[in-house]
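Raw work16.txt, compact mmCIF, C-alpha atoms:
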```
# COMPACT_ATOMS: atom_id res chain seq x y z
CA MET A 1 -240.22 61.11 -29.84
CA THR A 2 -243.67 62.43 -28.93
CA SER A 3 -246.03 59.91 -27.40
CA LYS A 4 -249.79 60.06 -27.00
CA PRO A 5 -251.73 59.50 -23.77
CA SER A 6 -253.38 56.49 -25.39
CA ASP A 7 -250.09 54.76 -26.25
CA LEU A 8 -249.55 51.41 -24.56
CA TRP A 9 -246.15 50.59 -23.09
CA GLN A 10 -244.36 47.43 -22.10
CA LYS A 11 -241.11 46.67 -20.35
CA ASN A 12 -238.23 45.75 -22.63
CA PRO A 13 -238.15 41.94 -22.27
CA ALA A 14 -234.38 41.88 -22.62
CA LEU A 15 -233.85 43.58 -19.25
CA ALA A 16 -233.27 42.35 -15.72
CA TRP A 17 -234.65 44.30 -12.78
CA ARG A 18 -235.10 44.17 -9.03
CA GLU A 19 -236.33 46.34 -6.17
CA ILE A 20 -233.67 47.38 -3.65
CA ASP A 21 -233.97 50.08 -0.98
CA GLU A 22 -237.49 50.85 -2.28
CA ALA A 23 -235.99 51.80 -5.64
CA THR A 24 -235.81 49.80 -8.84
CA VAL A 25 -232.57 48.69 -10.42
CA ILE A 26 -232.62 47.74 -14.07
CA ILE A 27 -229.74 46.11 -15.90
CA SER A 28 -229.38 46.12 -19.63
CA PRO A 29 -227.44 42.92 -20.38
CA THR A 30 -226.38 43.93 -23.86
CA ASP A 31 -224.45 46.99 -22.74
CA SER A 32 -224.06 46.19 -18.99
CA VAL A 33 -225.59 49.52 -18.02
CA MET A 34 -227.31 49.91 -14.65
CA HIS A 35 -230.35 52.18 -14.42
CA GLU A 36 -231.99 53.32 -11.19
CA LEU A 37 -235.56 54.49 -10.85
CA ASN A 38 -236.71 56.69 -8.01
CA ASP A 39 -239.93 56.23 -6.06
CA THR A 40 -242.19 57.58 -8.80
CA GLY A 41 -240.32 55.77 -11.53
CA SER A 42 -240.50 52.53 -9.57
CA PHE A 43 -244.25 52.96 -9.12
CA LEU A 44 -244.74 53.38 -12.84
CA TRP A 45 -242.34 50.55 -13.66
CA LYS A 46 -244.33 48.14 -11.49
CA ASN A 47 -247.50 49.08 -13.33
CA ILE A 48 -246.15 48.99 -16.89
CA ASP A 49 -247.59 45.73 -18.11
CA GLY A 50 -248.16 46.13 -21.84
CA GLN A 51 -251.87 46.67 -21.27
CA ARG A 52 -251.98 50.10 -19.63
CA SER A 53 -251.76 53.35 -21.57
CA ALA A 54 -249.81 56.39 -20.46
CA ALA A 55 -253.11 57.96 -19.41
CA GLU A 56 -254.04 54.94 -17.32
CA LEU A 57 -250.60 54.90 -15.71
CA ALA A 58 -250.98 58.60 -14.96
CA GLY A 59 -254.34 57.88 -13.38
CA LEU A 60 -252.74 55.33 -11.07
CA LEU A 61 -250.00 57.80 -10.22
CA ALA A 62 -252.48 60.57 -9.42
CA GLY A 63 -254.48 58.16 -7.27
CA SER A 64 -251.47 57.13 -5.21
CA TYR A 65 -249.61 60.41 -4.92
CA GLU A 66 -250.81 63.91 -4.16
CA VAL A 67 -250.53 65.19 -7.70
CA ALA A 68 -253.07 66.74 -10.05
CA PRO A 69 -254.20 64.53 -12.95
CA ASP A 70 -252.85 66.85 -15.66
CA VAL A 71 -249.49 67.08 -13.91
CA ALA A 72 -249.43 63.32 -13.45
CA LEU A 73 -250.05 62.81 -17.17
CA THR A 74 -247.32 65.25 -18.16
CA ASP A 75 -244.84 63.64 -15.76
CA THR A 76 -245.81 60.12 -16.80
CA GLN A 77 -245.40 60.82 -20.50
CA ALA A 78 -242.07 62.53 -19.89
CA LEU A 79 -240.83 59.59 -17.85
CA LEU A 80 -242.04 57.03 -20.40
CA GLU A 81 -240.31 58.91 -23.18
CA GLU A 82 -237.12 59.07 -21.12
CA MET A 83 -237.35 55.33 -20.44
CA SER A 84 -238.03 54.74 -24.12
CA SER A 85 -234.93 56.70 -25.13
CA ARG A 86 -232.93 54.41 -22.82
CA LYS A 87 -234.66 51.34 -24.29
CA LEU A 88 -236.16 50.40 -20.92
CA VAL A 89 -239.70 50.43 -22.27
CA ILE A 90 -241.02 49.94 -25.76
CA PRO A 91 -244.37 50.88 -27.29
CA VAL A 92 -246.86 48.07 -27.72
CA PRO A 93 -247.54 47.65 -31.44
CA ALA A 94 -251.08 48.59 -32.45
CA THR A 95 -253.19 45.44 -32.74
CA GLY A 96 -256.66 46.86 -33.20
CA GLY A 97 -257.36 46.74 -29.51
CA GLU A 98 -256.68 43.03 -29.00
CA LEU A 99 -254.58 43.71 -25.95
CA ARG A 100 -257.24 45.76 -24.19
CA MET B 1 -218.53 15.48 -14.87
CA TYR B 2 -216.57 14.96 -18.09
CA ILE B 3 -213.96 17.60 -18.91
CA ALA B 4 -212.07 17.67 -22.19
CA LEU B 5 -209.30 19.96 -23.44
CA ASN B 6 -208.74 20.37 -27.19
CA ASP B 7 -210.57 17.11 -27.81
CA GLY B 8 -212.83 18.24 -30.65
CA TRP B 9 -216.53 18.94 -30.56
CA ASP B 10 -219.50 17.30 -32.22
CA ALA B 11 -222.07 20.07 -32.22
CA GLU B 12 -224.89 17.90 -33.53
CA SER B 13 -224.70 15.20 -30.89
CA GLN B 14 -223.66 17.39 -27.97
CA PRO B 15 -225.50 20.71 -27.81
CA ALA B 16 -224.05 23.03 -25.18
CA GLU B 17 -226.11 24.79 -22.54
CA PHE B 18 -223.54 27.55 -22.46
CA ALA B 19 -220.83 28.59 -24.91
CA TYR B 20 -218.23 31.33 -24.89
CA GLU B 21 -215.39 32.22 -27.22
CA PHE B 22 -212.23 34.04 -26.25
CA GLU B 23 -209.58 34.79 -28.86
CA GLY B 24 -210.28 31.60 -30.77
CA ALA B 25 -210.56 29.42 -27.69
CA VAL B 26 -214.04 28.07 -27.10
CA LEU B 27 -215.78 26.90 -23.95
CA ARG B 28 -218.85 24.70 -24.26
CA ALA B 29 -220.49 23.57 -21.06
CA GLY B 30 -223.44 21.51 -19.97
CA SER B 31 -224.64 19.80 -16.82
CA SER B 32 -222.49 16.72 -17.33
CA GLU B 33 -219.58 17.80 -19.46
CA THR B 34 -217.31 20.74 -20.15
CA ARG B 35 -215.12 21.15 -23.20
CA PHE B 36 -212.36 23.58 -23.98
CA ASP B 37 -211.31 23.72 -27.63
CA GLY B 38 -208.77 25.79 -29.50
CA VAL B 39 -206.90 26.56 -26.28
CA ARG B 40 -203.37 27.58 -27.29
CA ASN B 41 -201.98 28.96 -24.05
CA GLU B 42 -202.40 29.20 -20.30
CA TYR B 43 -203.88 32.69 -20.56
CA ALA B 44 -206.78 31.48 -22.73
CA LEU B 45 -207.50 28.57 -20.40
CA ASP B 46 -207.38 30.86 -17.38
CA SER B 47 -209.88 33.20 -19.01
CA LEU B 48 -212.28 30.41 -19.96
CA LEU B 49 -212.08 28.95 -16.45
CA ARG B 50 -213.24 32.29 -15.05
CA VAL B 51 -216.13 32.29 -17.53
CA LEU B 52 -217.04 28.71 -16.67
CA LEU B 53 -216.97 29.35 -12.94
CA SER B 54 -219.12 32.47 -13.23
CA TRP B 55 -221.70 30.50 -15.23
CA LYS B 56 -221.74 27.59 -12.81
CA LEU B 57 -222.02 29.86 -9.77
CA ALA B 58 -225.18 31.51 -11.07
CA GLY B 59 -226.84 28.13 -10.59
CA CYS B 60 -225.81 27.84 -6.96
CA ASN B 61 -226.29 31.29 -5.42
CA GLY B 62 -222.81 32.58 -6.04
CA PHE B 63 -220.73 34.96 -8.09
CA LEU B 64 -217.15 35.96 -8.80
CA LEU B 65 -215.97 39.39 -7.74
CA HIS B 66 -212.84 41.40 -8.51
CA ALA B 67 -211.76 41.41 -4.90
CA ALA B 68 -209.07 40.40 -2.47
CA THR B 69 -210.25 38.34 0.48
CA VAL B 70 -208.45 38.16 3.79
CA VAL B 71 -209.65 35.90 6.59
CA ARG B 72 -209.01 37.31 10.02
CA ASN B 73 -210.40 35.94 13.28
CA GLY B 74 -212.45 33.46 11.28
CA LYS B 75 -214.21 36.11 9.20
CA ALA B 76 -213.72 37.03 5.56
CA TYR B 77 -213.00 40.65 4.70
CA VAL B 78 -213.66 41.19 1.00
CA PHE B 79 -211.88 44.19 -0.56
CA THR B 80 -213.19 45.05 -3.99
CA GLY B 81 -212.08 47.35 -6.75
CA ARG B 82 -210.77 47.32 -10.28
CA SER B 83 -207.11 47.07 -11.22
CA GLY B 84 -205.07 49.60 -9.29
CA ALA B 85 -207.60 50.03 -6.49
CA GLY B 86 -205.30 48.36 -3.98
CA LYS B 87 -206.40 44.72 -3.74
CA SER B 88 -202.88 43.33 -3.78
CA THR B 89 -201.71 46.14 -1.51
CA VAL B 90 -204.34 45.27 1.07
CA ALA B 91 -203.39 41.61 0.84
CA SER B 92 -199.72 42.43 1.40
CA LEU B 93 -200.60 44.62 4.41
CA SER B 94 -202.44 41.86 6.22
CA PRO B 95 -199.75 39.85 8.03
CA GLU B 96 -202.17 38.56 10.63
CA GLY B 97 -204.71 37.34 8.13
CA SER B 98 -204.94 34.44 5.74
CA VAL B 99 -205.13 35.74 2.17
CA LEU B 100 -207.53 33.65 0.09
CA THR B 101 -206.94 35.67 -3.07
CA ASP B 102 -205.78 39.12 -4.08
CA GLU B 103 -207.64 39.22 -7.39
CA ILE B 104 -210.86 37.20 -7.81
CA SER B 105 -213.03 36.22 -4.86
CA LEU B 106 -215.85 33.71 -4.92
CA LEU B 107 -218.90 34.56 -2.82
CA ARG B 108 -221.66 32.07 -2.26
CA PHE B 109 -224.79 31.89 -0.13
CA GLU B 110 -225.07 28.51 1.53
CA ASN B 111 -226.95 27.28 4.58
CA GLY B 112 -228.19 30.78 5.28
CA VAL B 113 -224.74 32.36 5.30
CA TRP B 114 -222.67 34.25 2.73
CA ARG B 115 -219.21 32.72 2.56
CA ALA B 116 -216.12 33.86 0.69
CA TYR B 117 -213.81 31.37 -0.99
CA GLY B 118 -210.38 31.66 -2.51
CA THR B 119 -209.91 31.00 -6.19
CA PRO B 120 -206.98 29.90 -8.38
CA PHE B 121 -206.92 33.39 -9.89
CA TRP B 122 -204.25 35.59 -8.37
CA GLY B 123 -202.96 39.08 -9.04
CA GLU B 124 -199.64 40.57 -7.98
CA PHE B 125 -199.52 39.00 -4.52
CA ARG B 126 -198.69 35.53 -5.79
CA ALA B 127 -198.36 34.00 -2.35
CA ALA B 128 -199.58 30.54 -1.57
CA GLY B 129 -203.16 30.98 -0.46
CA SER B 130 -205.24 28.50 1.46
CA ASN B 131 -208.12 26.76 -0.24
CA THR B 132 -210.64 27.51 2.48
CA SER B 133 -213.69 29.65 3.07
CA ALA B 134 -215.11 31.83 5.82
CA PRO B 135 -218.33 33.70 6.55
CA VAL B 136 -218.24 37.19 5.06
CA LYS B 137 -217.80 40.02 7.56
CA GLY B 138 -218.22 42.71 4.95
CA ILE B 139 -217.47 43.93 1.46
CA PHE B 140 -215.20 46.96 1.36
CA ARG B 141 -214.84 49.28 -1.62
CA LEU B 142 -211.22 50.35 -1.72
CA VAL B 143 -210.29 54.01 -1.99
CA GLN B 144 -206.69 55.04 -1.46
CA ALA B 145 -206.45 58.07 0.81
CA ALA B 146 -204.25 59.91 3.31
CA GLU B 147 -206.24 58.65 6.30
CA ASN B 148 -207.92 55.39 7.21
CA ARG B 149 -211.68 55.68 7.39
CA VAL B 150 -214.67 53.38 7.03
CA THR B 151 -218.09 54.49 5.83
CA THR B 152 -221.18 52.29 5.79
CA LEU B 153 -222.86 51.73 2.41
CA ARG B 154 -226.58 51.26 1.90
CA PRO B 155 -227.62 48.19 -0.11
CA MET B 156 -228.14 50.24 -3.28
CA GLU B 157 -224.72 51.85 -2.84
CA LEU B 158 -223.17 48.42 -2.38
CA LEU B 159 -224.88 47.20 -5.53
CA ARG B 160 -223.36 50.12 -7.46
CA VAL B 161 -219.99 49.01 -6.13
CA LEU B 162 -220.51 45.35 -6.97
CA LEU B 163 -221.90 45.54 -10.49
CA PRO B 164 -218.79 46.88 -12.25
CA ASN B 165 -216.66 44.37 -10.35
CA VAL B 166 -218.69 41.20 -10.87
CA LEU B 167 -217.39 38.77 -13.45
CA PHE B 168 -220.27 37.80 -15.67
CA PHE B 169 -220.18 36.95 -19.33
CA SER B 170 -223.72 36.25 -20.46
CA ALA B 171 -225.93 38.73 -22.28
CA GLU B 172 -228.95 36.44 -21.93
CA PRO B 173 -231.80 38.21 -20.11
CA GLN B 174 -232.64 35.18 -18.00
CA ALA B 175 -229.06 34.73 -16.85
CA ASN B 176 -228.82 38.43 -15.98
CA ARG B 177 -232.08 38.27 -14.05
CA ARG B 178 -230.63 35.42 -12.05
CA LEU B 179 -227.43 37.37 -11.41
CA LEU B 180 -229.36 40.43 -10.28
CA GLU B 181 -231.42 38.24 -7.96
CA ILE B 182 -228.25 36.85 -6.40
CA LEU B 183 -226.65 40.28 -6.10
CA GLY B 184 -229.85 41.65 -4.60
CA GLN B 185 -229.70 38.98 -1.91
CA ALA B 186 -226.02 39.73 -1.40
CA VAL B 187 -226.40 43.47 -0.82
CA GLU B 188 -229.29 42.87 1.56
CA GLY B 189 -227.41 40.15 3.45
CA ILE B 190 -223.85 41.47 3.52
CA SER B 191 -222.67 44.67 5.18
CA GLY B 192 -221.10 47.06 2.69
CA TYR B 193 -218.49 49.71 3.42
CA GLU B 194 -216.21 52.16 1.71
CA LEU B 195 -212.69 51.84 3.04
CA ALA B 196 -210.45 54.85 2.55
CA PHE B 197 -206.99 53.58 3.42
CA ARG B 198 -203.36 54.52 3.41
CA LYS B 199 -200.69 52.01 2.55
CA ASP B 200 -199.89 50.61 5.97
CA PRO B 201 -201.44 47.84 8.08
CA ALA B 202 -203.08 50.41 10.39
CA PHE B 203 -206.21 50.37 8.22
CA TRP B 204 -207.19 47.17 10.03
CA GLU B 205 -207.76 49.25 13.17
CA VAL B 206 -210.77 51.01 11.60
CA LEU B 207 -212.41 47.86 10.25
CA PRO B 208 -215.36 46.33 12.12
CA GLU B 209 -214.43 43.28 14.19
```

As structure tokens, please, write out the structure in this file.
Amino acid sequence: MTSKPSDLWQKNPALAWREIDEATVIISPTDSVMHELNDTGSFLWKNIDGQRSAAELAGLLAGSYEVAPDVALTDTQALLEEMSSRKLVIPVPATGGELR
Amino acid sequence: MYIALNDGWDAESQPAEFAYEFEGAVLRAGSSETRFDGVRNEYALDSLLRVLLSWKLAGCNGFLLHAATVVRNGKAYVFTGRSGAGKSTVASLSPEGSVLTDEISLLRFENGVWRAYGTPFWGEFRAAGSNTSAPVKGIFRLVQAAENRVTTLRPMELLRVLLPNVLFFSAEPQANRRLLEILGQAVEGISGYELAFRKDPAFWEVLPE
């Protein structure tokens, strides 16, 4: 799957999650799989709200960590696609901008 | 609380808050009544009782864990692991302790303290346990080894140990969020360890007092 910087993302509502040891633990109830996010992943996870695009999330990442904007965008999109492949996040359906 | 066994079920007049089916036997539970239907043997009832207890505990800051619990000097040592990890072995090597269970332990946070309780669910040990509880000293992941050794686990490491050993039967997101909340409190409030042990009572010498 190839995503665009303008794509909006939301957390999969079927999941349970919690912060422990400054990391994020996510449980998928349907298959009882535990996922762990590192510091960067946890930062993005906290900011994935169904209203921010990958580019906006990357902007937040670049503003909080010492990372160049283009690198932040590449890393953010890669992480979102990885989360999407694990069904942790799902794209927000296009609604003509109603969510923005 | 009304409890019925193989007494029939009127789904229209009595909607269940929670339902679970196991090999044709069905548990339906609510706040004021619990019904078991289609139960043909002791094994099915035992299984549904574990399901029922796990569901009830989520509402009162508790959970069931595949673990043996031994009370020694007034403190509960909880030894967790799947079948074959050594739960019954640890129980049998604890002559100075009171074994609450060698199979399924009940942990519950009450009055600011995590306490471990015995349960009716036993493994190979099959000795008469005492229906009591004690404050939890620690949760120990069992690893059979040539030498006795204890290693401290960080909360995240303890959570990795707990999750595969927690009895939980709901795929509902809300119920799982509640479970994760309880387990999160548990790993932050209970000391976790890995216990490498050999099959003799000397492993008690390396445990924290």

Next item on the list: Excluding Leu107 of chain B and any residue of its chain fewer than 3 positions from it, enumerate the residues within 8 Å of it, using all atoms listed in the file, and give them as a ChimeraX atom specification.
Entry: /B:62-65,114-117

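Between atom CA of Met156 of chain B and atom CA of Ser84 of chain A there is a distance of 23.5 Å.
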
Check: What residues in chain B lie within 12 Å of chain A, counting only C-alpha atoms, written as number ranges by chain?
Finding: B: 153-189

Checklist line | Which residue of B:Asn6, B:Thr80, B:Gln144, B:Ser47 approaches Tyr193 of chain B most closely, using only C-alpha atoms | finding: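 The shortest atom-to-atom distance to Tyr193 of chain B comes from B:Thr80.
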
Next item on the list: Identify, on the basis of all atoms listed in the file, every residue whose closest approach to Pro135 of chain B does not exceed 12 Å; exclude the query and any residue fewer than 3 positions from it along the same chain; express the result as a VMD selection string.
Entry: chain B and resid 69 to 78 106 to 117 132 138 to 139 189 to 191

Notebook entry, point to check: In Å to one decimal, how far is atom CA of Glu194 of chain B from atom CA of Val143 of chain B?
Noted result: 7.2 Å

Check: atom CA of Leu61 of chain A and atom CA of Phe43 of chain A are how many Å apart?
Finding: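 Result for atom CA of Leu61 of chain A versus atom CA of Phe43 of chain A: 7.6 Å, one decimal.
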
Note to self: Need to verify the contact set: Leu44 of chain A, 7 Å, all atoms listed in the file, exclusion of same-chain residues closer than 4 positions in sequence. Can you return it as number ranges by chain?
What the structure shows: A: 40, 48, 57

Next item on the list: Write out as a PyMOL selection string the residues lying within 7 Å of Ala44 of chain B, counting all atoms listed in the file and excluding same-chain residues fewer than 5 positions away.
Entry: chain B and resi 22+25+39

Let me see the file: selected residues, C-alpha atoms, as a tab-separated table (two decimals), keeping the file's coordinate frame.
```
chain	number	residue	atom	x	y	z
B	22	PHE	CA	-212.23	34.04	-26.25
B	25	ALA	CA	-210.56	29.42	-27.69
B	39	VAL	CA	-206.90	26.56	-26.28
```

Margin query: So that I can see what lies close to Ile3 of chain B, please list as number ranges by chain the residues with an atom at most 6 Å from it, counting all atoms listed in the file and leaving out residues fewer than 6 positions away in the same chain.
Written below: B: 33-35

Fix up segment 38-60 of chain A with N, CA and C atoms, then write it as an mmCIF file, in the frame of the given file.
```
data_model
loop_
_atom_site.group_PDB
_atom_site.id
_atom_site.type_symbol
_atom_site.label_atom_id
_atom_site.label_comp_id
_atom_site.auth_asym_id
_atom_site.auth_seq_id
_atom_site.Cartn_x
_atom_site.Cartn_y
_atom_site.Cartn_z
ATOM 1 N N ASN A 38 -236.323 56.179 -9.322
ATOM 2 C CA ASN A 38 -236.710 56.690 -8.010
ATOM 3 C C ASN A 38 -238.102 56.163 -7.635
ATOM 4 N N ASP A 39 -238.646 56.713 -6.580
ATOM 5 C CA ASP A 39 -239.930 56.230 -6.060
ATOM 6 C C ASP A 39 -241.027 56.277 -7.122
ATOM 7 N N THR A 40 -241.161 57.433 -7.771
ATOM 8 C CA THR A 40 -242.190 57.580 -8.800
ATOM 9 C C THR A 40 -241.924 56.669 -9.992
ATOM 10 N N GLY A 41 -240.681 56.639 -10.411
ATOM 11 C CA GLY A 41 -240.320 55.770 -11.530
ATOM 12 C C GLY A 41 -240.565 54.311 -11.209
ATOM 13 N N SER A 42 -240.267 53.918 -9.977
ATOM 14 C CA SER A 42 -240.500 52.530 -9.570
ATOM 15 C C SER A 42 -241.989 52.200 -9.577
ATOM 16 N N PHE A 43 -242.792 53.176 -9.130
ATOM 17 C CA PHE A 43 -244.250 52.960 -9.120
ATOM 18 C C PHE A 43 -244.743 52.719 -10.548
ATOM 19 N N LEU A 44 -244.312 53.561 -11.455
ATOM 20 C CA LEU A 44 -244.740 53.380 -12.840
ATOM 21 C C LEU A 44 -244.220 52.063 -13.406
ATOM 22 N N TRP A 45 -242.956 51.774 -13.121
ATOM 23 C CA TRP A 45 -242.340 50.550 -13.660
ATOM 24 C C TRP A 45 -243.152 49.318 -13.256
ATOM 25 N N LYS A 46 -243.566 49.297 -11.986
ATOM 26 C CA LYS A 46 -244.330 48.140 -11.490
ATOM 27 C C LYS A 46 -245.657 47.997 -12.229
ATOM 28 N N ASN A 47 -246.177 49.119 -12.703
ATOM 29 C CA ASN A 47 -247.500 49.080 -13.330
ATOM 30 C C ASN A 47 -247.452 49.035 -14.857
ATOM 31 N N ILE A 48 -246.287 49.112 -15.423
ATOM 32 C CA ILE A 48 -246.150 48.990 -16.890
ATOM 33 C C ILE A 48 -246.252 47.499 -17.227
ATOM 34 N N ASP A 49 -247.331 47.150 -17.894
ATOM 35 C CA ASP A 49 -247.590 45.730 -18.110
ATOM 36 C C ASP A 49 -247.966 45.406 -19.559
ATOM 37 N N GLY A 50 -247.812 46.372 -20.437
ATOM 38 C CA GLY A 50 -248.160 46.130 -21.840
ATOM 39 C C GLY A 50 -249.642 46.294 -22.131
ATOM 40 N N GLN A 51 -250.423 46.538 -21.071
ATOM 41 C CA GLN A 51 -251.870 46.670 -21.270
ATOM 42 C C GLN A 51 -252.390 48.036 -20.821
ATOM 43 N N ARG A 52 -251.560 48.781 -20.110
ATOM 44 C CA ARG A 52 -251.980 50.100 -19.630
ATOM 45 C C ARG A 52 -251.396 51.202 -20.522
ATOM 46 N N SER A 53 -252.217 52.198 -20.800
ATOM 47 C CA SER A 53 -251.760 53.350 -21.570
ATOM 48 C C SER A 53 -251.068 54.343 -20.638
ATOM 49 N N ALA A 54 -250.426 55.326 -21.252
ATOM 50 C CA ALA A 54 -249.810 56.390 -20.460
ATOM 51 C C ALA A 54 -250.862 57.092 -19.602
ATOM 52 N N ALA A 55 -252.040 57.289 -20.161
ATOM 53 C CA ALA A 55 -253.110 57.960 -19.410
ATOM 54 C C ALA A 55 -253.555 57.119 -18.219
ATOM 55 N N GLU A 56 -253.642 55.819 -18.429
ATOM 56 C CA GLU A 56 -254.040 54.940 -17.320
ATOM 57 C C GLU A 56 -252.951 54.899 -16.247
ATOM 58 N N LEU A 57 -251.708 54.868 -16.673
ATOM 59 C CA LEU A 57 -250.600 54.900 -15.710
ATOM 60 C C LEU A 57 -250.616 56.204 -14.927
ATOM 61 N N ALA A 58 -250.896 57.299 -15.630
ATOM 62 C CA ALA A 58 -250.980 58.600 -14.960
ATOM 63 C C ALA A 58 -252.122 58.618 -13.955
ATOM 64 N N GLY A 59 -253.208 57.966 -14.296
ATOM 65 C CA GLY A 59 -254.340 57.880 -13.380
ATOM 66 C C GLY A 59 -253.962 57.143 -12.100
ATOM 67 N N LEU A 60 -253.212 56.064 -12.249
ATOM 68 C CA LEU A 60 -252.740 55.330 -11.070
ATOM 69 C C LEU A 60 -251.809 56.195 -10.234
#
```
